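Coordinates from data-v7.cif are shown below (mmCIF, C-alpha atoms).
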```cif
data_target
#
loop_
_atom_site.label_atom_id
_atom_site.label_comp_id
_atom_site.auth_asym_id
_atom_site.auth_seq_id
_atom_site.Cartn_x
_atom_site.Cartn_y
_atom_site.Cartn_z
CA MET W 11 121.37 88.00 32.98
CA SER W 12 119.68 89.70 35.90
CA GLN W 13 116.01 90.60 35.52
CA ASP W 14 116.89 94.27 35.91
CA SER W 15 118.78 94.44 32.64
CA LEU W 16 116.54 92.09 30.67
CA THR W 17 115.31 93.51 27.38
CA TYR W 18 113.56 92.03 24.35
CA ALA W 19 114.29 93.27 20.84
CA MET W 20 111.19 93.64 18.69
CA ARG W 21 111.36 94.10 14.94
CA PRO W 22 108.44 95.56 12.95
CA ILE W 23 106.42 93.06 10.89
CA GLY W 24 105.23 95.95 8.72
CA PHE W 25 104.01 99.52 8.67
CA VAL W 26 100.69 101.38 8.83
CA HIS W 27 99.46 103.54 5.95
CA SER W 28 97.10 106.04 7.52
CA PRO W 29 95.63 109.45 6.63
CA TYR W 30 97.28 110.98 9.72
CA ARG W 31 100.62 112.79 9.36
CA ASP W 32 100.49 114.54 12.71
CA THR W 33 99.05 113.52 16.08
CA SER W 34 96.90 116.69 16.10
CA GLN W 35 94.85 115.12 13.25
CA ILE W 36 93.90 112.03 15.26
CA PRO W 37 90.54 112.22 17.08
CA LYS W 38 91.20 112.13 20.84
CA GLY W 39 89.38 112.78 24.06
CA PRO W 40 85.65 112.63 24.84
CA GLY W 41 83.54 110.93 22.22
CA ALA W 42 86.49 110.33 19.88
CA GLU W 43 85.55 107.81 17.23
CA HIS W 44 87.93 106.16 14.84
CA HIS W 45 86.45 105.53 11.42
CA ALA W 46 89.52 106.32 9.31
CA GLU W 47 90.54 103.73 6.77
CA GLY W 48 94.11 102.67 6.28
CA THR W 49 96.33 99.78 5.30
CA LEU W 50 98.50 97.44 7.34
CA GLU W 51 101.38 96.63 5.00
CA ILE W 52 103.03 93.43 6.24
CA ARG W 53 106.58 92.59 5.13
CA PRO W 54 106.31 90.43 1.99
CA GLU W 55 108.37 87.59 3.49
CA LEU W 56 105.77 87.29 6.30
CA GLU W 57 102.74 87.13 3.97
CA ASP W 58 102.17 83.40 4.66
CA GLY W 59 101.42 84.37 8.27
CA LEU W 60 98.22 86.06 7.05
CA GLN W 61 96.67 82.78 5.84
CA ASP W 62 92.94 82.60 6.76
CA ILE W 63 92.92 86.06 8.31
CA GLU W 64 90.17 87.11 5.89
CA GLY W 65 87.56 85.28 8.00
CA PHE W 66 87.93 87.63 10.95
CA SER W 67 85.96 90.86 11.10
CA HIS W 68 88.21 92.55 13.66
CA LEU W 69 91.90 92.45 14.52
CA PHE W 70 94.13 93.56 17.36
CA VAL W 71 97.09 95.58 16.10
CA LEU W 72 100.13 96.04 18.34
CA TRP W 73 102.35 98.88 17.21
CA VAL W 74 105.10 101.28 18.30
CA PHE W 75 104.61 104.92 19.35
CA ASP W 76 107.72 105.63 17.29
CA ARG W 77 107.35 109.42 17.37
CA SER W 78 106.81 109.65 21.12
CA GLU W 79 109.77 110.11 23.44
CA GLY W 80 110.10 109.55 27.14
CA CYS W 81 107.69 108.31 29.74
CA ASP W 82 105.41 109.98 32.29
CA LEU W 83 104.23 107.69 35.06
CA VAL W 84 101.44 110.16 35.86
CA SER W 85 100.01 112.73 33.46
CA ALA W 86 96.92 114.56 32.27
CA VAL W 87 95.37 113.28 29.04
CA PRO W 88 92.99 114.89 26.51
CA LEU W 89 89.85 113.30 28.00
CA ASP W 90 90.54 114.68 31.48
CA GLN W 91 92.96 117.60 31.46
CA GLU W 92 92.33 118.52 35.09
CA THR W 93 93.24 115.31 36.89
CA PRO W 94 96.40 113.35 36.15
CA HIS W 95 96.15 109.58 35.94
CA GLY W 96 98.66 106.74 35.96
CA VAL W 97 100.08 105.68 32.61
CA PHE W 98 98.83 102.10 33.07
CA ALA W 99 95.31 103.50 33.66
CA SER W 100 95.42 105.48 30.39
CA ARG W 101 96.33 105.17 26.72
CA SER W 102 99.04 107.86 26.95
CA PRO W 103 101.82 107.38 24.35
CA ARG W 104 104.54 108.23 26.90
CA ARG W 105 104.78 104.70 28.35
CA PRO W 106 107.68 102.64 29.78
CA ASN W 107 107.42 100.48 26.65
CA PRO W 108 105.95 102.60 23.84
CA ILE W 109 103.51 99.97 22.56
CA GLY W 110 100.09 100.95 21.23
CA LEU W 111 97.08 98.65 20.89
CA SER W 112 94.21 99.23 18.48
CA VAL W 113 91.19 97.24 17.41
CA VAL W 114 90.48 97.62 13.69
CA GLU W 115 87.84 96.23 11.36
CA LEU W 116 89.25 94.15 8.51
CA LEU W 117 87.79 95.31 5.18
CA GLY W 118 89.84 93.19 2.83
CA ARG W 119 93.22 91.72 1.97
CA ASP W 120 95.42 92.22 -1.06
CA GLY W 121 98.43 89.91 -0.65
CA PRO W 122 100.49 91.28 2.25
CA ARG W 123 98.25 94.36 2.61
CA LEU W 124 95.26 94.46 4.96
CA ARG W 125 92.70 97.19 4.34
CA VAL W 126 91.22 98.20 7.68
CA ARG W 127 88.85 100.72 9.27
CA GLY W 128 89.47 102.36 12.61
CA VAL W 129 93.12 103.33 12.39
CA ASP W 130 94.26 105.77 15.06
CA MET W 131 97.97 105.56 14.27
CA LEU W 132 100.20 107.96 12.38
CA ASP W 133 101.20 107.16 8.81
CA GLY W 134 104.34 105.02 8.84
CA THR W 135 103.77 103.57 12.32
CA PRO W 136 105.73 100.31 12.82
CA ILE W 137 103.54 97.26 13.47
CA LEU W 138 104.74 94.62 15.96
CA ASP W 139 101.94 92.07 15.74
CA VAL W 140 98.46 91.36 14.41
CA LYS W 141 96.10 88.99 16.22
CA PRO W 142 92.51 87.91 15.61
CA TYR W 143 89.89 89.52 17.84
CA LEU W 144 87.93 86.58 19.25
CA SER W 145 85.70 87.92 22.00
CA GLY W 146 85.04 90.95 24.12
CA VAL W 147 83.98 91.69 27.67
CA PRO W 148 80.19 92.23 27.76
CA ALA W 149 79.37 95.92 28.30
CA GLU W 150 77.29 95.13 31.40
CA ARG W 151 80.34 93.66 33.15
CA LEU W 152 82.63 96.57 32.31
CA HIS W 153 83.66 99.37 34.68
CA ARG W 154 85.66 102.17 33.12
CA GLY W 155 86.86 104.13 36.17
CA TRP W 156 87.97 107.73 35.62
CA VAL W 157 87.14 107.52 31.91
CA ALA W 158 83.43 107.03 32.65
CA GLU W 159 83.54 109.80 35.28
CA ALA W 160 85.23 112.26 32.91
CA GLU W 161 82.73 111.47 30.15
CA ALA W 162 79.83 112.01 32.58
CA ARG W 163 81.25 115.41 33.67
CA ARG W 164 81.57 116.51 30.05
CA LYS W 165 77.90 115.74 29.42
CA GLN W 166 76.66 117.85 32.35
CA MET G 20 119.01 103.20 10.05
CA SER G 21 117.23 101.31 7.30
CA GLN G 22 113.77 99.98 8.09
CA ASP G 23 115.04 96.44 7.56
CA SER G 24 117.32 96.53 10.58
CA LEU G 25 115.05 98.59 12.83
CA THR G 26 114.40 97.04 16.23
CA TYR G 27 112.86 98.30 19.45
CA ALA G 28 114.17 97.19 22.83
CA MET G 29 111.41 96.46 25.34
CA ARG G 30 112.08 96.06 29.03
CA PRO G 31 109.62 94.26 31.34
CA ILE G 32 107.57 96.50 33.63
CA GLY G 33 107.01 93.52 35.92
CA PHE G 34 106.26 89.81 36.09
CA VAL G 35 103.21 87.55 36.31
CA HIS G 36 102.60 85.29 39.30
CA SER G 37 100.39 82.49 38.01
CA PRO G 38 99.47 78.93 39.04
CA TYR G 39 100.92 77.61 35.76
CA ARG G 40 104.49 76.23 35.72
CA ASP G 41 104.19 74.45 32.39
CA THR G 42 102.25 75.25 29.21
CA SER G 43 100.51 71.84 29.44
CA GLN G 44 98.66 73.16 32.51
CA ILE G 45 97.09 76.11 30.65
CA PRO G 46 93.58 75.47 29.24
CA LYS G 47 93.78 75.64 25.43
CA GLY G 48 91.69 74.75 22.43
CA PRO G 49 87.91 74.42 22.11
CA GLY G 50 85.95 75.85 24.99
CA ALA G 51 89.04 76.82 26.96
CA GLU G 52 88.11 79.24 29.72
CA HIS G 53 90.52 81.18 31.83
CA HIS G 54 89.39 81.64 35.39
CA ALA G 55 92.77 81.25 37.11
CA GLU G 56 93.75 83.98 39.55
CA GLY G 57 97.19 85.48 39.62
CA THR G 58 99.13 88.64 40.34
CA LEU G 59 100.74 91.21 38.08
CA GLU G 60 103.74 92.38 40.06
CA ILE G 61 104.84 95.74 38.68
CA ARG G 62 108.37 97.01 39.35
CA PRO G 63 108.20 99.17 42.52
CA GLU G 64 109.69 102.22 40.81
CA LEU G 65 106.76 102.19 38.34
CA GLU G 66 104.03 101.99 41.01
CA ASP G 67 102.93 105.61 40.42
CA GLY G 68 101.88 104.54 36.92
CA LEU G 69 99.07 102.47 38.49
CA GLN G 70 97.28 105.54 39.91
CA ASP G 71 93.48 105.25 39.42
CA ILE G 72 93.70 101.79 37.85
CA GLU G 73 91.41 100.44 40.59
CA GLY G 74 88.36 101.91 38.82
CA PHE G 75 88.67 99.61 35.84
CA SER G 76 87.13 96.15 35.89
CA HIS G 77 89.23 94.74 33.06
CA LEU G 78 92.76 95.28 31.76
CA PHE G 79 94.75 94.43 28.68
CA VAL G 80 98.06 92.81 29.56
CA LEU G 81 100.86 92.72 26.98
CA TRP G 82 103.53 90.18 27.81
CA VAL G 83 106.41 88.14 26.39
CA PHE G 84 106.25 84.46 25.37
CA ASP G 85 109.65 84.13 27.05
CA ARG G 86 109.73 80.33 26.98
CA SER G 87 108.79 80.02 23.33
CA GLU G 88 111.48 79.94 20.66
CA GLY G 89 111.31 80.49 16.96
CA CYS G 90 108.46 81.39 14.67
CA ASP G 91 106.12 79.43 12.40
CA LEU G 92 104.34 81.54 9.81
CA VAL G 93 101.81 78.74 9.33
CA SER G 94 101.00 76.03 11.86
CA ALA G 95 98.31 73.84 13.37
CA VAL G 96 97.01 74.94 16.77
CA PRO G 97 95.17 73.08 19.58
CA LEU G 98 91.71 74.26 18.47
CA ASP G 99 92.14 72.95 14.93
CA GLN G 100 94.88 70.35 14.64
CA GLU G 101 93.98 69.31 11.11
CA THR G 102 94.25 72.60 9.24
CA PRO G 103 97.22 74.94 9.61
CA HIS G 104 96.51 78.67 9.89
CA GLY G 105 98.64 81.78 9.58
CA VAL G 106 100.30 83.04 12.74
CA PHE G 107 98.56 86.45 12.46
CA ALA G 108 95.21 84.61 12.29
CA SER G 109 95.96 82.69 15.50
CA ARG G 110 97.25 83.12 19.03
CA SER G 111 100.23 80.79 18.47
CA PRO G 112 103.21 81.64 20.70
CA ARG G 113 105.70 81.11 17.85
CA ARG G 114 105.31 84.62 16.41
CA PRO G 115 107.75 87.01 14.67
CA ASN G 116 107.59 89.16 17.82
CA PRO G 117 106.74 86.89 20.78
CA ILE G 118 104.18 89.21 22.36
CA GLY G 119 101.09 87.82 24.08
CA LEU G 120 97.88 89.72 24.78
CA SER G 121 95.40 88.81 27.51
CA VAL G 122 92.30 90.42 28.95
CA VAL G 123 92.10 89.97 32.71
CA GLU G 124 89.61 91.05 35.36
CA LEU G 125 91.06 93.31 38.04
CA LEU G 126 90.17 92.01 41.51
CA GLY G 127 92.20 94.39 43.62
CA ARG G 128 95.45 96.25 44.09
CA ASP G 129 98.05 96.07 46.82
CA GLY G 130 100.68 98.72 46.08
CA PRO G 131 102.52 97.59 42.94
CA ARG G 132 100.67 94.26 42.82
CA LEU G 133 97.46 93.78 40.85
CA ARG G 134 95.35 90.74 41.74
CA VAL G 135 93.62 89.54 38.60
CA ARG G 136 91.41 86.74 37.28
CA GLY G 137 91.82 85.15 33.88
CA VAL G 138 95.56 84.65 33.66
CA ASP G 139 96.68 82.35 30.85
CA MET G 140 100.40 83.01 31.20
CA LEU G 141 103.14 80.94 32.80
CA ASP G 142 104.42 81.89 36.22
CA GLY G 143 107.25 84.40 35.85
CA THR G 144 106.11 85.74 32.47
CA PRO G 145 107.56 89.21 31.76
CA ILE G 146 104.94 91.97 31.40
CA LEU G 147 105.52 94.72 28.79
CA ASP G 148 102.46 96.90 29.37
CA VAL G 149 99.10 97.18 31.11
CA LYS G 150 96.26 99.23 29.61
CA PRO G 151 92.66 99.86 30.66
CA TYR G 152 90.02 97.91 28.74
CA LEU G 153 87.56 100.57 27.59
CA SER G 154 85.20 98.95 25.10
CA GLY G 155 84.68 95.82 23.08
CA VAL G 156 83.29 94.94 19.67
CA PRO G 157 79.61 93.93 20.02
CA ALA G 158 79.20 90.16 19.55
CA GLU G 159 76.68 90.69 16.74
CA ARG G 160 79.29 92.51 14.66
CA LEU G 161 82.01 89.91 15.19
CA HIS G 162 83.08 87.24 12.69
CA ARG G 163 85.59 84.73 13.98
CA GLY G 164 86.67 82.92 10.80
CA TRP G 165 88.28 79.51 11.18
CA VAL G 166 87.87 79.62 14.97
CA ALA G 167 84.06 79.65 14.67
CA GLU G 168 84.23 76.89 12.03
CA ALA G 169 86.47 74.69 14.17
CA GLU G 170 84.22 75.18 17.19
CA ALA G 171 81.15 74.25 15.14
CA ARG G 172 82.85 71.06 13.85
CA ARG G 173 83.72 70.05 17.42
CA LYS G 174 80.08 70.36 18.47
CA GLN G 175 78.80 68.10 15.67
#
```
Hey, can you dump this file as structure tokens for me?
Amino acid sequence: MSQDSLTYAMRPIGFVHSPYRDTSQIPKGPGAEHHAEGTLEIRPELEDGLQDIEGFSHLFVLWVFDRSEGCDLVSAVPLDQETPHGVFASRSPRRPNPIGLSVVELLGRDGPRLRVRGVDMLDGTPILDVKPYLSGVPAERLHRGWVAEAEARRKQ
Amino acid sequence: MSQDSLTYAMRPIGFVHSPYRDTSQIPKGPGAEHHAEGTLEIRPELEDGLQDIEGFSHLFVLWVFDRSEGCDLVSAVPLDQETPHGVFASRSPRRPNPIGLSVVELLGRDGPRLRVRGVDMLDGTPILDVKPYLSGVPAERLHRGWVAEAEARRKQ
């Protein structure tokens, strides 16, 4: 198979239960904070894969923008509506592969269900993977490009 | 389509150039640090999607474990070879969806090529997405479950 036609089929490991039914309800843009609680419901036959997950305070969740269609390589986003930015320099849902990434706080587990805080996905969002969050980049080493500039402009 | 048969087809946005030809060359387990430099070569027709990425110091890279086959819901991993852990509580490559997640430092950009530090992927690994790294969980709020326990045992 040539690399040009290569694709990988991904099947959801579960679904998100979230308070959000519509993207307009999800906090976005400057100062958006995600404190909403929700549940990651993993398929029952995969429950063994959650063994020892309770010890982690935070998780990466990889999921599908299943209600977004198409892709914009360059577009304006809520944080900076005046200047368009590249899709790989933003969290826009209209991506070549519509995969979302969120960090959530693990509140508890009930069998194949993980109660979490910090969901920013729509209710019913398909989950592709869950991974433990092990370490972060120290804030003093982080540069946040146009995001930092847009936040600074908003504060003026 | 029933949810049981739902799949999403993902197509690589590019490929990793890395010094690693074999998984045995990649630092793993206790104290593993990833300082290797490599290149994320994005497909030329997607280059516009990189606009303004230069301002970010760190990126999330989502990629495919393309040389891993199968899935173990529970397995032992290099850091803790005595006690098996669930796949969603580890970074094992044998996952239901073989997606890897790495944080890399962006060193520079040359057209559709991103020079980065911190690659832990094999040479030729397919890339599914690149996202800006915007913030991390403060270390004082982080609990790392069995990983912290295994590290502590190693130090005894």
Using the chain letters and residue numbers of this document, give as a PyMOL selection string the residues selected by the PyMOL selection byres ((chain G) within 8 of (chain W)).
chain G and resi 24-32+65+67-77+91-93+104-110+115-116+118+147-158+160-165
One decimal, Å: what's the distance from CA of Ser37 in chain G over to CA of Met140 in chain G, could you say?
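Distance reported for this atom pair: 6.8 Å.
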Given identical sequences, can you show me chain W least-squares superposed on chain G via all its Cα atoms in order, as a JSON list (two decimals) with C-alpha atoms, in the frame of the given file?
```
[["chain", "number", "residue", "atom", "x", "y", "z"],
["W", 11, "MET", "CA", 119.04, 103.23, 9.98],
["W", 12, "SER", "CA", 117.24, 101.31, 7.27],
["W", 13, "GLN", "CA", 113.78, 99.97, 8.07],
["W", 14, "ASP", "CA", 115.06, 96.43, 7.55],
["W", 15, "SER", "CA", 117.33, 96.52, 10.57],
["W", 16, "LEU", "CA", 115.06, 98.59, 12.81],
["W", 17, "THR", "CA", 114.42, 97.05, 16.22],
["W", 18, "TYR", "CA", 112.87, 98.32, 19.44],
["W", 19, "ALA", "CA", 114.16, 97.21, 22.83],
["W", 20, "MET", "CA", 111.41, 96.47, 25.33],
["W", 21, "ARG", "CA", 112.08, 96.06, 29.03],
["W", 22, "PRO", "CA", 109.62, 94.26, 31.34],
["W", 23, "ILE", "CA", 107.57, 96.51, 33.65],
["W", 24, "GLY", "CA", 107.01, 93.51, 35.92],
["W", 25, "PHE", "CA", 106.26, 89.81, 36.09],
["W", 26, "VAL", "CA", 103.20, 87.56, 36.31],
["W", 27, "HIS", "CA", 102.60, 85.28, 39.30],
["W", 28, "SER", "CA", 100.40, 82.49, 38.00],
["W", 29, "PRO", "CA", 99.48, 78.94, 39.04],
["W", 30, "TYR", "CA", 100.93, 77.60, 35.76],
["W", 31, "ARG", "CA", 104.49, 76.22, 35.71],
["W", 32, "ASP", "CA", 104.18, 74.45, 32.38],
["W", 33, "THR", "CA", 102.23, 75.25, 29.21],
["W", 34, "SER", "CA", 100.51, 71.84, 29.43],
["W", 35, "GLN", "CA", 98.63, 73.17, 32.51],
["W", 36, "ILE", "CA", 97.07, 76.10, 30.65],
["W", 37, "PRO", "CA", 93.57, 75.48, 29.24],
["W", 38, "LYS", "CA", 93.76, 75.62, 25.43],
["W", 39, "GLY", "CA", 91.66, 74.73, 22.45],
["W", 40, "PRO", "CA", 87.88, 74.41, 22.12],
["W", 41, "GLY", "CA", 85.90, 75.85, 24.98],
["W", 42, "ALA", "CA", 89.01, 76.83, 26.96],
["W", 43, "GLU", "CA", 88.09, 79.23, 29.72],
["W", 44, "HIS", "CA", 90.51, 81.18, 31.83],
["W", 45, "HIS", "CA", 89.38, 81.65, 35.40],
["W", 46, "ALA", "CA", 92.76, 81.26, 37.13],
["W", 47, "GLU", "CA", 93.74, 83.98, 39.55],
["W", 48, "GLY", "CA", 97.18, 85.48, 39.62],
["W", 49, "THR", "CA", 99.13, 88.63, 40.35],
["W", 50, "LEU", "CA", 100.73, 91.20, 38.08],
["W", 51, "GLU", "CA", 103.75, 92.38, 40.07],
["W", 52, "ILE", "CA", 104.83, 95.75, 38.67],
["W", 53, "ARG", "CA", 108.35, 97.04, 39.35],
["W", 54, "PRO", "CA", 108.19, 99.17, 42.52],
["W", 55, "GLU", "CA", 109.69, 102.23, 40.81],
["W", 56, "LEU", "CA", 106.76, 102.19, 38.33],
["W", 57, "GLU", "CA", 104.03, 101.98, 41.00],
["W", 58, "ASP", "CA", 102.92, 105.61, 40.42],
["W", 59, "GLY", "CA", 101.88, 104.53, 36.91],
["W", 60, "LEU", "CA", 99.08, 102.46, 38.49],
["W", 61, "GLN", "CA", 97.29, 105.53, 39.90],
["W", 62, "ASP", "CA", 93.48, 105.24, 39.44],
["W", 63, "ILE", "CA", 93.71, 101.79, 37.87],
["W", 64, "GLU", "CA", 91.42, 100.43, 40.59],
["W", 65, "GLY", "CA", 88.37, 101.90, 38.82],
["W", 66, "PHE", "CA", 88.67, 99.60, 35.83],
["W", 67, "SER", "CA", 87.11, 96.15, 35.89],
["W", 68, "HIS", "CA", 89.24, 94.73, 33.07],
["W", 69, "LEU", "CA", 92.76, 95.28, 31.78],
["W", 70, "PHE", "CA", 94.75, 94.44, 28.68],
["W", 71, "VAL", "CA", 98.07, 92.81, 29.57],
["W", 72, "LEU", "CA", 100.86, 92.72, 26.98],
["W", 73, "TRP", "CA", 103.53, 90.18, 27.81],
["W", 74, "VAL", "CA", 106.41, 88.14, 26.39],
["W", 75, "PHE", "CA", 106.25, 84.46, 25.37],
["W", 76, "ASP", "CA", 109.65, 84.15, 27.04],
["W", 77, "ARG", "CA", 109.75, 80.34, 26.98],
["W", 78, "SER", "CA", 108.80, 80.02, 23.32],
["W", 79, "GLU", "CA", 111.49, 79.92, 20.66],
["W", 80, "GLY", "CA", 111.31, 80.49, 16.95],
["W", 81, "CYS", "CA", 108.47, 81.40, 14.66],
["W", 82, "ASP", "CA", 106.13, 79.44, 12.39],
["W", 83, "LEU", "CA", 104.35, 81.55, 9.80],
["W", 84, "VAL", "CA", 101.82, 78.74, 9.32],
["W", 85, "SER", "CA", 101.01, 76.03, 11.85],
["W", 86, "ALA", "CA", 98.34, 73.84, 13.39],
["W", 87, "VAL", "CA", 97.03, 74.94, 16.79],
["W", 88, "PRO", "CA", 95.19, 73.07, 19.57],
["W", 89, "LEU", "CA", 91.72, 74.24, 18.48],
["W", 90, "ASP", "CA", 92.16, 72.94, 14.93],
["W", 91, "GLN", "CA", 94.91, 70.34, 14.64],
["W", 92, "GLU", "CA", 93.97, 69.32, 11.10],
["W", 93, "THR", "CA", 94.25, 72.61, 9.23],
["W", 94, "PRO", "CA", 97.21, 74.95, 9.60],
["W", 95, "HIS", "CA", 96.52, 78.66, 9.87],
["W", 96, "GLY", "CA", 98.64, 81.79, 9.58],
["W", 97, "VAL", "CA", 100.31, 83.04, 12.74],
["W", 98, "PHE", "CA", 98.57, 86.44, 12.46],
["W", 99, "ALA", "CA", 95.21, 84.61, 12.28],
["W", 100, "SER", "CA", 95.95, 82.68, 15.50],
["W", 101, "ARG", "CA", 97.25, 83.13, 19.04],
["W", 102, "SER", "CA", 100.23, 80.79, 18.47],
["W", 103, "PRO", "CA", 103.21, 81.63, 20.72],
["W", 104, "ARG", "CA", 105.70, 81.11, 17.86],
["W", 105, "ARG", "CA", 105.32, 84.63, 16.42],
["W", 106, "PRO", "CA", 107.75, 87.02, 14.67],
["W", 107, "ASN", "CA", 107.60, 89.16, 17.83],
["W", 108, "PRO", "CA", 106.75, 86.89, 20.77],
["W", 109, "ILE", "CA", 104.17, 89.21, 22.36],
["W", 110, "GLY", "CA", 101.08, 87.82, 24.08],
["W", 111, "LEU", "CA", 97.87, 89.73, 24.79],
["W", 112, "SER", "CA", 95.40, 88.81, 27.52],
["W", 113, "VAL", "CA", 92.31, 90.42, 28.96],
["W", 114, "VAL", "CA", 92.10, 89.98, 32.73],
["W", 115, "GLU", "CA", 89.60, 91.05, 35.37],
["W", 116, "LEU", "CA", 91.07, 93.31, 38.05],
["W", 117, "LEU", "CA", 90.17, 92.00, 41.52],
["W", 118, "GLY", "CA", 92.21, 94.38, 43.62],
["W", 119, "ARG", "CA", 95.46, 96.26, 44.09],
["W", 120, "ASP", "CA", 98.05, 96.06, 46.83],
["W", 121, "GLY", "CA", 100.68, 98.72, 46.08],
["W", 122, "PRO", "CA", 102.53, 97.60, 42.95],
["W", 123, "ARG", "CA", 100.67, 94.26, 42.83],
["W", 124, "LEU", "CA", 97.45, 93.77, 40.85],
["W", 125, "ARG", "CA", 95.35, 90.75, 41.75],
["W", 126, "VAL", "CA", 93.62, 89.54, 38.61],
["W", 127, "ARG", "CA", 91.40, 86.74, 37.29],
["W", 128, "GLY", "CA", 91.82, 85.16, 33.89],
["W", 129, "VAL", "CA", 95.56, 84.65, 33.66],
["W", 130, "ASP", "CA", 96.67, 82.36, 30.86],
["W", 131, "MET", "CA", 100.39, 83.03, 31.20],
["W", 132, "LEU", "CA", 103.11, 80.94, 32.79],
["W", 133, "ASP", "CA", 104.43, 81.88, 36.23],
["W", 134, "GLY", "CA", 107.25, 84.40, 35.84],
["W", 135, "THR", "CA", 106.09, 85.74, 32.46],
["W", 136, "PRO", "CA", 107.56, 89.22, 31.76],
["W", 137, "ILE", "CA", 104.95, 91.96, 31.40],
["W", 138, "LEU", "CA", 105.50, 94.72, 28.80],
["W", 139, "ASP", "CA", 102.45, 96.90, 29.38],
["W", 140, "VAL", "CA", 99.10, 97.18, 31.12],
["W", 141, "LYS", "CA", 96.26, 99.23, 29.62],
["W", 142, "PRO", "CA", 92.66, 99.86, 30.66],
["W", 143, "TYR", "CA", 90.02, 97.92, 28.74],
["W", 144, "LEU", "CA", 87.55, 100.58, 27.60],
["W", 145, "SER", "CA", 85.20, 98.95, 25.12],
["W", 146, "GLY", "CA", 84.67, 95.85, 23.07],
["W", 147, "VAL", "CA", 83.30, 94.96, 19.67],
["W", 148, "PRO", "CA", 79.62, 93.95, 20.03],
["W", 149, "ALA", "CA", 79.20, 90.19, 19.56],
["W", 150, "GLU", "CA", 76.69, 90.69, 16.74],
["W", 151, "ARG", "CA", 79.30, 92.51, 14.65],
["W", 152, "LEU", "CA", 82.02, 89.92, 15.19],
["W", 153, "HIS", "CA", 83.10, 87.25, 12.69],
["W", 154, "ARG", "CA", 85.60, 84.73, 13.98],
["W", 155, "GLY", "CA", 86.67, 82.91, 10.79],
["W", 156, "TRP", "CA", 88.27, 79.48, 11.18],
["W", 157, "VAL", "CA", 87.87, 79.62, 14.96],
["W", 158, "ALA", "CA", 84.07, 79.64, 14.67],
["W", 159, "GLU", "CA", 84.21, 76.88, 12.03],
["W", 160, "ALA", "CA", 86.46, 74.67, 14.16],
["W", 161, "GLU", "CA", 84.23, 75.16, 17.20],
["W", 162, "ALA", "CA", 81.15, 74.25, 15.13],
["W", 163, "ARG", "CA", 82.84, 71.04, 13.85],
["W", 164, "ARG", "CA", 83.72, 70.02, 17.40],
["W", 165, "LYS", "CA", 80.09, 70.33, 18.47],
["W", 166, "GLN", "CA", 78.78, 68.06, 15.69]]
```
Rounded to one decimal place, report the CA of Glu170 in chain G-CA of Pro97 in chain G distance in Å.
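About the pair CA of Glu170 in chain G and CA of Pro97 in chain G: they are 11.4 Å apart.
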So how many Å separate CA of Arg132 in chain G and CA of Ser78 in chain W, to one decimal?
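Value for the CA of Arg132 in chain G-CA of Ser78 in chain W distance: 27.3 Å.
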Name all residues at most 8 Å from Leu124 in chain W (count all atoms listed in the file; drop same-chain ones fewer than 3 positions away) and give them as a PDB file with C-alpha atoms, in the frame of the given file.
```pdb
ATOM      1  CA  THR W  49      96.330  99.780   5.300  1.00  0.00           C
ATOM      2  CA  LEU W  50      98.500  97.440   7.340  1.00  0.00           C
ATOM      3  CA  GLU W  51     101.380  96.630   5.000  1.00  0.00           C
ATOM      4  CA  ILE W  52     103.030  93.430   6.240  1.00  0.00           C
ATOM      5  CA  LEU W 116      89.250  94.150   8.510  1.00  0.00           C
ATOM      6  CA  LEU W 117      87.790  95.310   5.180  1.00  0.00           C
ATOM      7  CA  GLY W 118      89.840  93.190   2.830  1.00  0.00           C
ATOM      8  CA  ARG W 119      93.220  91.720   1.970  1.00  0.00           C
ATOM      9  CA  ASP W 120      95.420  92.220  -1.060  1.00  0.00           C
ATOM     10  CA  GLY W 121      98.430  89.910  -0.650  1.00  0.00           C
TER      11      GLY W 121
END
```
